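protein-v3.pdb follows (PDB, C-alpha atoms):
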```pdb
ATOM      1  CA  MET A  25       2.503 -39.833   3.205  1.00  0.00           C
ATOM      2  CA  ALA A  26       0.162 -38.020   0.803  1.00  0.00           C
ATOM      3  CA  HIS A  27      -3.255 -39.428  -0.005  1.00  0.00           C
ATOM      4  CA  PRO A  28      -3.504 -40.817  -3.600  1.00  0.00           C
ATOM      5  CA  VAL A  29      -6.716 -38.886  -4.316  1.00  0.00           C
ATOM      6  CA  GLY A  30      -5.059 -35.671  -3.147  1.00  0.00           C
ATOM      7  CA  LEU A  31      -2.079 -36.309  -5.419  1.00  0.00           C
ATOM      8  CA  LEU A  32      -4.403 -36.968  -8.354  1.00  0.00           C
ATOM      9  CA  PHE A  33      -6.268 -33.710  -7.660  1.00  0.00           C
ATOM     10  CA  ILE A  34      -3.011 -31.735  -7.571  1.00  0.00           C
ATOM     11  CA  ALA A  35      -1.824 -33.379 -10.807  1.00  0.00           C
ATOM     12  CA  VAL A  36      -5.089 -32.464 -12.557  1.00  0.00           C
ATOM     13  CA  LEU A  37      -4.787 -28.853 -11.378  1.00  0.00           C
ATOM     14  CA  LEU A  38      -1.204 -28.600 -12.609  1.00  0.00           C
ATOM     15  CA  LEU A  39      -2.030 -30.125 -15.988  1.00  0.00           C
ATOM     16  CA  SER A  40      -5.085 -27.911 -16.472  1.00  0.00           C
ATOM     17  CA  GLY A  41      -2.837 -24.866 -16.119  1.00  0.00           C
ATOM     18  CA  CYS A  42      -0.831 -26.074 -19.107  1.00  0.00           C
ATOM     19  CA  THR A  43      -3.734 -26.557 -21.469  1.00  0.00           C
ATOM     20  CA  SER A  44      -4.673 -24.252 -24.298  1.00  0.00           C
ATOM     21  CA  VAL A  45      -8.026 -23.300 -25.769  1.00  0.00           C
ATOM     22  CA  LEU A  46      -6.724 -24.651 -29.073  1.00  0.00           C
ATOM     23  CA  SER A  47      -5.551 -28.180 -29.856  1.00  0.00           C
ATOM     24  CA  SER A  48      -2.004 -29.061 -28.896  1.00  0.00           C
ATOM     25  CA  ALA A  49      -1.292 -30.135 -32.502  1.00  0.00           C
ATOM     26  CA  VAL A  50      -1.836 -26.602 -33.808  1.00  0.00           C
ATOM     27  CA  VAL A  51      -0.271 -24.896 -30.765  1.00  0.00           C
ATOM     28  CA  ASP A  52       2.912 -26.938 -31.221  1.00  0.00           C
ATOM     29  CA  LYS A  53       3.178 -25.757 -34.863  1.00  0.00           C
ATOM     30  CA  ALA A  54       2.657 -22.074 -33.988  1.00  0.00           C
ATOM     31  CA  ASP A  55       5.612 -19.703 -34.074  1.00  0.00           C
ATOM     32  CA  LYS A  56       5.371 -17.951 -30.724  1.00  0.00           C
ATOM     33  CA  SER A  57       8.358 -15.697 -31.446  1.00  0.00           C
ATOM     34  CA  ILE A  58       6.409 -13.592 -33.976  1.00  0.00           C
ATOM     35  CA  THR A  59       4.528 -10.726 -32.364  1.00  0.00           C
ATOM     36  CA  PHE A  60       1.555  -8.954 -33.889  1.00  0.00           C
ATOM     37  CA  GLU A  61       3.693  -5.845 -34.320  1.00  0.00           C
ATOM     38  CA  MET A  62       6.197  -7.877 -36.374  1.00  0.00           C
ATOM     39  CA  LEU A  63       3.380  -9.375 -38.479  1.00  0.00           C
ATOM     40  CA  ARG A  64       1.809  -5.993 -39.093  1.00  0.00           C
ATOM     41  CA  ALA A  65       5.139  -4.447 -40.139  1.00  0.00           C
ATOM     42  CA  ASP A  66       5.758  -7.046 -42.878  1.00  0.00           C
ATOM     43  CA  PRO A  67       3.146  -9.821 -43.274  1.00  0.00           C
ATOM     44  CA  ASN A  68       4.817 -11.206 -46.411  1.00  0.00           C
ATOM     45  CA  LEU A  69       7.951 -12.000 -44.418  1.00  0.00           C
ATOM     46  CA  TYR A  70       5.980 -14.517 -42.336  1.00  0.00           C
ATOM     47  CA  LYS A  71       4.023 -16.271 -45.118  1.00  0.00           C
ATOM     48  CA  GLY A  72       3.371 -19.897 -44.229  1.00  0.00           C
ATOM     49  CA  LYS A  73       3.952 -19.379 -40.488  1.00  0.00           C
ATOM     50  CA  ILE A  74       1.199 -20.358 -38.073  1.00  0.00           C
ATOM     51  CA  LEU A  75       0.377 -17.774 -35.418  1.00  0.00           C
ATOM     52  CA  ILE A  76      -1.981 -17.678 -32.472  1.00  0.00           C
ATOM     53  CA  LEU A  77      -3.792 -14.357 -32.279  1.00  0.00           C
ATOM     54  CA  GLY A  78      -6.818 -13.003 -30.512  1.00  0.00           C
ATOM     55  CA  GLY A  79      -9.176 -10.116 -30.757  1.00  0.00           C
ATOM     56  CA  THR A  80     -12.690  -8.875 -31.194  1.00  0.00           C
ATOM     57  CA  ILE A  81     -14.711  -9.429 -34.350  1.00  0.00           C
ATOM     58  CA  GLU A  82     -15.339  -6.197 -36.218  1.00  0.00           C
ATOM     59  CA  GLN A  83     -17.041  -7.742 -39.253  1.00  0.00           C
ATOM     60  CA  VAL A  84     -17.869 -11.104 -40.820  1.00  0.00           C
ATOM     61  CA  ALA A  85     -18.478 -11.236 -44.560  1.00  0.00           C
ATOM     62  CA  ASP A  86     -19.396 -14.058 -46.885  1.00  0.00           C
ATOM     63  CA  ALA A  87     -16.717 -14.870 -49.433  1.00  0.00           C
ATOM     64  CA  LYS A  88     -16.850 -17.069 -52.540  1.00  0.00           C
ATOM     65  CA  GLN A  89     -15.684 -20.189 -50.746  1.00  0.00           C
ATOM     66  CA  GLY A  90     -16.106 -19.336 -47.054  1.00  0.00           C
ATOM     67  CA  SER A  91     -16.081 -16.330 -44.767  1.00  0.00           C
ATOM     68  CA  LEU A  92     -13.779 -13.411 -44.061  1.00  0.00           C
ATOM     69  CA  LEU A  93     -13.442 -12.043 -40.530  1.00  0.00           C
ATOM     70  CA  THR A  94     -12.113  -8.576 -39.789  1.00  0.00           C
ATOM     71  CA  VAL A  95     -10.625  -8.681 -36.291  1.00  0.00           C
ATOM     72  CA  VAL A  96      -9.416  -5.949 -33.946  1.00  0.00           C
ATOM     73  CA  GLN A  97      -6.256  -7.429 -32.418  1.00  0.00           C
ATOM     74  CA  LYS A  98      -6.087  -7.752 -28.629  1.00  0.00           C
ATOM     75  CA  PRO A  99      -3.358  -9.312 -26.525  1.00  0.00           C
ATOM     76  CA  LEU A 100      -4.109 -12.750 -25.081  1.00  0.00           C
ATOM     77  CA  ASP A 101      -4.155 -13.551 -21.388  1.00  0.00           C
ATOM     78  CA  TYR A 102      -2.545 -16.602 -19.770  1.00  0.00           C
ATOM     79  CA  TRP A 103      -5.454 -18.831 -20.879  1.00  0.00           C
ATOM     80  CA  GLY A 104      -5.466 -17.570 -24.469  1.00  0.00           C
ATOM     81  CA  LYS A 105      -8.496 -15.307 -24.153  1.00  0.00           C
ATOM     82  CA  PRO A 106      -8.385 -11.754 -25.572  1.00  0.00           C
ATOM     83  CA  VAL A 107      -7.796  -9.210 -22.828  1.00  0.00           C
ATOM     84  CA  ARG A 108     -10.529  -6.658 -22.172  1.00  0.00           C
ATOM     85  CA  THR A 109      -8.724  -3.501 -23.183  1.00  0.00           C
ATOM     86  CA  THR A 110      -9.146  -0.559 -25.491  1.00  0.00           C
ATOM     87  CA  SER A 111      -5.580  -0.855 -26.754  1.00  0.00           C
ATOM     88  CA  SER A 112      -4.985  -2.779 -29.956  1.00  0.00           C
ATOM     89  CA  GLY A 113      -2.220  -3.405 -32.439  1.00  0.00           C
ATOM     90  CA  GLY A 114      -4.654  -2.828 -35.299  1.00  0.00           C
ATOM     91  CA  TYR A 115      -6.745  -4.970 -37.620  1.00  0.00           C
ATOM     92  CA  TYR A 116      -6.117  -8.295 -39.286  1.00  0.00           C
ATOM     93  CA  LEU A 117      -8.194 -10.499 -41.584  1.00  0.00           C
ATOM     94  CA  VAL A 118      -8.924 -14.208 -41.148  1.00  0.00           C
ATOM     95  CA  PHE A 119     -10.238 -16.255 -44.054  1.00  0.00           C
ATOM     96  CA  SER A 120     -12.176 -19.443 -43.261  1.00  0.00           C
ATOM     97  CA  TYR A 121     -12.868 -22.042 -45.941  1.00  0.00           C
ATOM     98  CA  ARG A 122     -16.060 -22.915 -44.103  1.00  0.00           C
ATOM     99  CA  HIS A 123     -19.011 -20.569 -43.839  1.00  0.00           C
ATOM    100  CA  LEU A 124     -19.194 -18.817 -40.456  1.00  0.00           C
ATOM    101  CA  ASP A 125     -22.671 -17.885 -39.279  1.00  0.00           C
ATOM    102  CA  SER A 126     -22.818 -14.098 -38.914  1.00  0.00           C
ATOM    103  CA  LEU A 127     -25.212 -14.438 -35.968  1.00  0.00           C
ATOM    104  CA  ALA A 128     -22.705 -16.473 -33.958  1.00  0.00           C
ATOM    105  CA  TYR A 129     -19.599 -14.676 -35.235  1.00  0.00           C
ATOM    106  CA  ALA A 130     -21.083 -11.246 -34.667  1.00  0.00           C
ATOM    107  CA  LEU A 131     -19.635  -7.808 -34.038  1.00  0.00           C
ATOM    108  CA  GLY A 132     -18.055  -7.627 -30.609  1.00  0.00           C
ATOM    109  CA  ARG A 133     -17.458 -11.359 -30.057  1.00  0.00           C
ATOM    110  CA  ASP A 134     -14.002 -12.320 -28.829  1.00  0.00           C
ATOM    111  CA  ILE A 135     -12.042 -15.014 -30.652  1.00  0.00           C
ATOM    112  CA  THR A 136      -8.712 -16.781 -30.453  1.00  0.00           C
ATOM    113  CA  VAL A 137      -7.372 -18.180 -33.714  1.00  0.00           C
ATOM    114  CA  ALA A 138      -4.553 -20.333 -34.954  1.00  0.00           C
ATOM    115  CA  ALA A 139      -3.994 -19.281 -38.542  1.00  0.00           C
ATOM    116  CA  GLU A 140      -1.436 -19.408 -41.322  1.00  0.00           C
ATOM    117  CA  VAL A 141      -0.071 -16.127 -42.627  1.00  0.00           C
ATOM    118  CA  ALA A 142      -1.033 -15.704 -46.296  1.00  0.00           C
ATOM    119  CA  GLY A 143       0.262 -12.170 -46.900  1.00  0.00           C
ATOM    120  CA  THR A 144      -1.855  -9.023 -47.162  1.00  0.00           C
ATOM    121  CA  ARG A 145      -5.195  -7.960 -48.543  1.00  0.00           C
ATOM    122  CA  LEU A 146      -6.361  -4.496 -49.491  1.00  0.00           C
ATOM    123  CA  LYS A 147      -9.522  -3.508 -47.612  1.00  0.00           C
ATOM    124  CA  ALA A 148     -11.409  -0.244 -47.316  1.00  0.00           C
ATOM    125  CA  LEU A 149     -11.733   1.454 -43.954  1.00  0.00           C
ATOM    126  CA  GLY A 150     -13.872   4.533 -44.312  1.00  0.00           C
ATOM    127  CA  ASP A 151     -12.687   6.503 -47.340  1.00  0.00           C
ATOM    128  CA  ASN A 152      -9.220   4.941 -47.352  1.00  0.00           C
ATOM    129  CA  GLU A 153      -7.838   1.534 -48.299  1.00  0.00           C
ATOM    130  CA  PHE A 154      -5.226  -0.283 -46.249  1.00  0.00           C
ATOM    131  CA  ASP A 155      -3.209  -3.482 -46.563  1.00  0.00           C
ATOM    132  CA  TYR A 156      -4.103  -5.760 -43.680  1.00  0.00           C
ATOM    133  CA  PRO A 157      -2.384  -8.987 -42.655  1.00  0.00           C
ATOM    134  CA  LEU A 158      -4.367 -11.903 -44.129  1.00  0.00           C
ATOM    135  CA  LEU A 159      -4.399 -15.256 -42.373  1.00  0.00           C
ATOM    136  CA  ILE A 160      -5.985 -18.595 -43.278  1.00  0.00           C
ATOM    137  CA  LEU A 161      -7.883 -20.153 -40.397  1.00  0.00           C
ATOM    138  CA  LYS A 162      -6.639 -23.443 -38.972  1.00  0.00           C
ATOM    139  CA  GLU A 163      -8.548 -23.460 -35.697  1.00  0.00           C
ATOM    140  CA  LEU A 164     -10.803 -21.024 -33.843  1.00  0.00           C
ATOM    141  CA  LYS A 165     -12.170 -20.537 -30.336  1.00  0.00           C
ATOM    142  CA  LEU A 166     -15.277 -18.355 -30.131  1.00  0.00           C
ATOM    143  CA  TRP A 167     -15.604 -17.057 -26.583  1.00  0.00           C
ATOM    144  CA  GLN A 168     -18.928 -16.773 -24.773  1.00  0.00           C
ATOM    145  CA  LYS A 169     -20.463 -13.324 -24.626  1.00  0.00           C
ATOM    146  CA  ASP A 170     -20.282 -11.646 -21.248  1.00  0.00           C
ATOM    147  CA  GLN A 171     -23.869 -11.594 -20.065  1.00  0.00           C
ATOM    148  CA  MET A 172     -24.762  -8.372 -18.298  1.00  0.00           C
ATOM    149  CA  ARG A 173     -28.221  -7.471 -17.102  1.00  0.00           C
ATOM    150  CA  PRO A 174     -29.254  -3.819 -17.426  1.00  0.00           C
ATOM    151  CA  GLY A 175     -28.118  -2.013 -14.288  1.00  0.00           C
ATOM    152  CA  ALA A 176     -25.885  -4.874 -13.145  1.00  0.00           C
ATOM    153  CA  GLN A 177     -22.421  -4.094 -11.887  1.00  0.00           C
ATOM    154  CA  THR A 178     -19.360  -5.728 -13.349  1.00  0.00           C
ATOM    155  CA  GLN A 179     -17.697  -8.451 -11.339  1.00  0.00           C
ATOM    156  CA  TRP A 180     -14.130  -7.437 -12.163  1.00  0.00           C
ATOM    157  CA  GLY A 181     -12.976  -6.483  -8.771  1.00  0.00           C
ATOM    158  CA  ASP A 182     -10.623  -7.694  -6.136  1.00  0.00           C
ATOM    159  CA  PRO A 183     -11.200 -11.468  -5.922  1.00  0.00           C
ATOM    160  CA  LEU A 184     -10.502 -11.304  -2.172  1.00  0.00           C
ATOM    161  CA  TYR A 185     -13.070  -8.561  -1.548  1.00  0.00           C
ATOM    162  CA  ASP A 186     -16.018  -9.751   0.509  1.00  0.00           C
ATOM    163  CA  PRO A 187     -18.899  -7.255   0.625  1.00  0.00           C
ATOM    164  CA  GLN A 188     -20.377  -9.098   3.646  1.00  0.00           C
ATOM    165  CA  ARG A 189     -17.247  -8.578   5.743  1.00  0.00           C
ATOM    166  CA  GLN A 190     -17.246  -5.450   7.893  1.00  0.00           C
ATOM    167  CA  PRO A 191     -13.991  -3.411   8.045  1.00  0.00           C
TER     168      PRO A 191
END
```
Can you present the structure in this file as structure tokens?
Amino acid sequence: MAHPVGLLFIAVLLLSGCTSVLSSAVVDKADKSITFEMLRADPNLYKGKILILGGTIEQVADAKQGSLLTVVQKPLDYWGKPVRTTSSGGYYLVFSYRHLDSLAYALGRDITVAAEVAGTRLKALGDNEFDYPLLILKELKLWQKDQMRPGAQTQWGDPLYDPQRQP
């Protein structure tokens, strides 16, 4: 017979694997069938739909009644965090009705958002202007910066590798 504390521990581990970085209320409303590629191809087709997207902040700008984030899209991992990759589906814009501090929401910070598709917005990129998908923020997760000391090596290796073990 299994020990009750052991069963409780296993239950907590199983449930923690099912949690999201965003609230379940917003995750349940999100349309998970719409990919970023589909959104980018025709944002107006998905107006009113709530999507969960991730990426890296390219710019934060003050707007009349809030803030506008320009985000470089990145795929999300199992836990909902943007994957560290150089590949991207492109840019999208997220409007927040509340002011977002440009020091916290700075260039290079990773975010995961639940947002409602509002259509497109024309925005300059270099000498050209492009229509970008525009979303209205419902909920946001700002990820911690990866702290690296100068000269430190990354820790993204084989999780089973033990440098103390001799071959």
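Taking atom CA of A:Thr144 and atom CA of A:Pro67 as the two end points, the separation is 6.4 Å.
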Point to revise | Given the PyMOL selection byres ((chain A and resi 58) around 10), the residues it picks as a list in words | key: Ala54, Asp55, Lys56, Ser57, Thr59, Phe60, Glu61, Met62, Leu63, Tyr70, Lys73, Ile74, Leu75 and Ile76 of chain A
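Across the chains present, the PyMOL selection byres ((chain A and resi 146-149) around 12) applied to this file returns A:Glu82, A:Gln83, A:Leu92, A:Leu93, A:Thr94, A:Gly114, A:Tyr115, A:Tyr116, A:Leu117, A:Gly143, A:Thr144, A:Arg145, A:Gly150, A:Asp151, A:Asn152, A:Glu153, A:Phe154, A:Asp155, A:Tyr156, A:Pro157, A:Leu158.
Each of A:Ala85, A:Val107, A:Val118, A:Leu166 was checked against A:Arg133 using all atoms listed in the file; the smallest atom-to-atom distance is that of A:Leu166.
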Review point. Which polymer residues, protein or nucleic acid, are no farther than 12 Å from (-12.3, -23.5, -53.7), counting all atoms listed in the file, as an MDAnalysis selection string?
Key: chainID A and resid 87:90 120:122
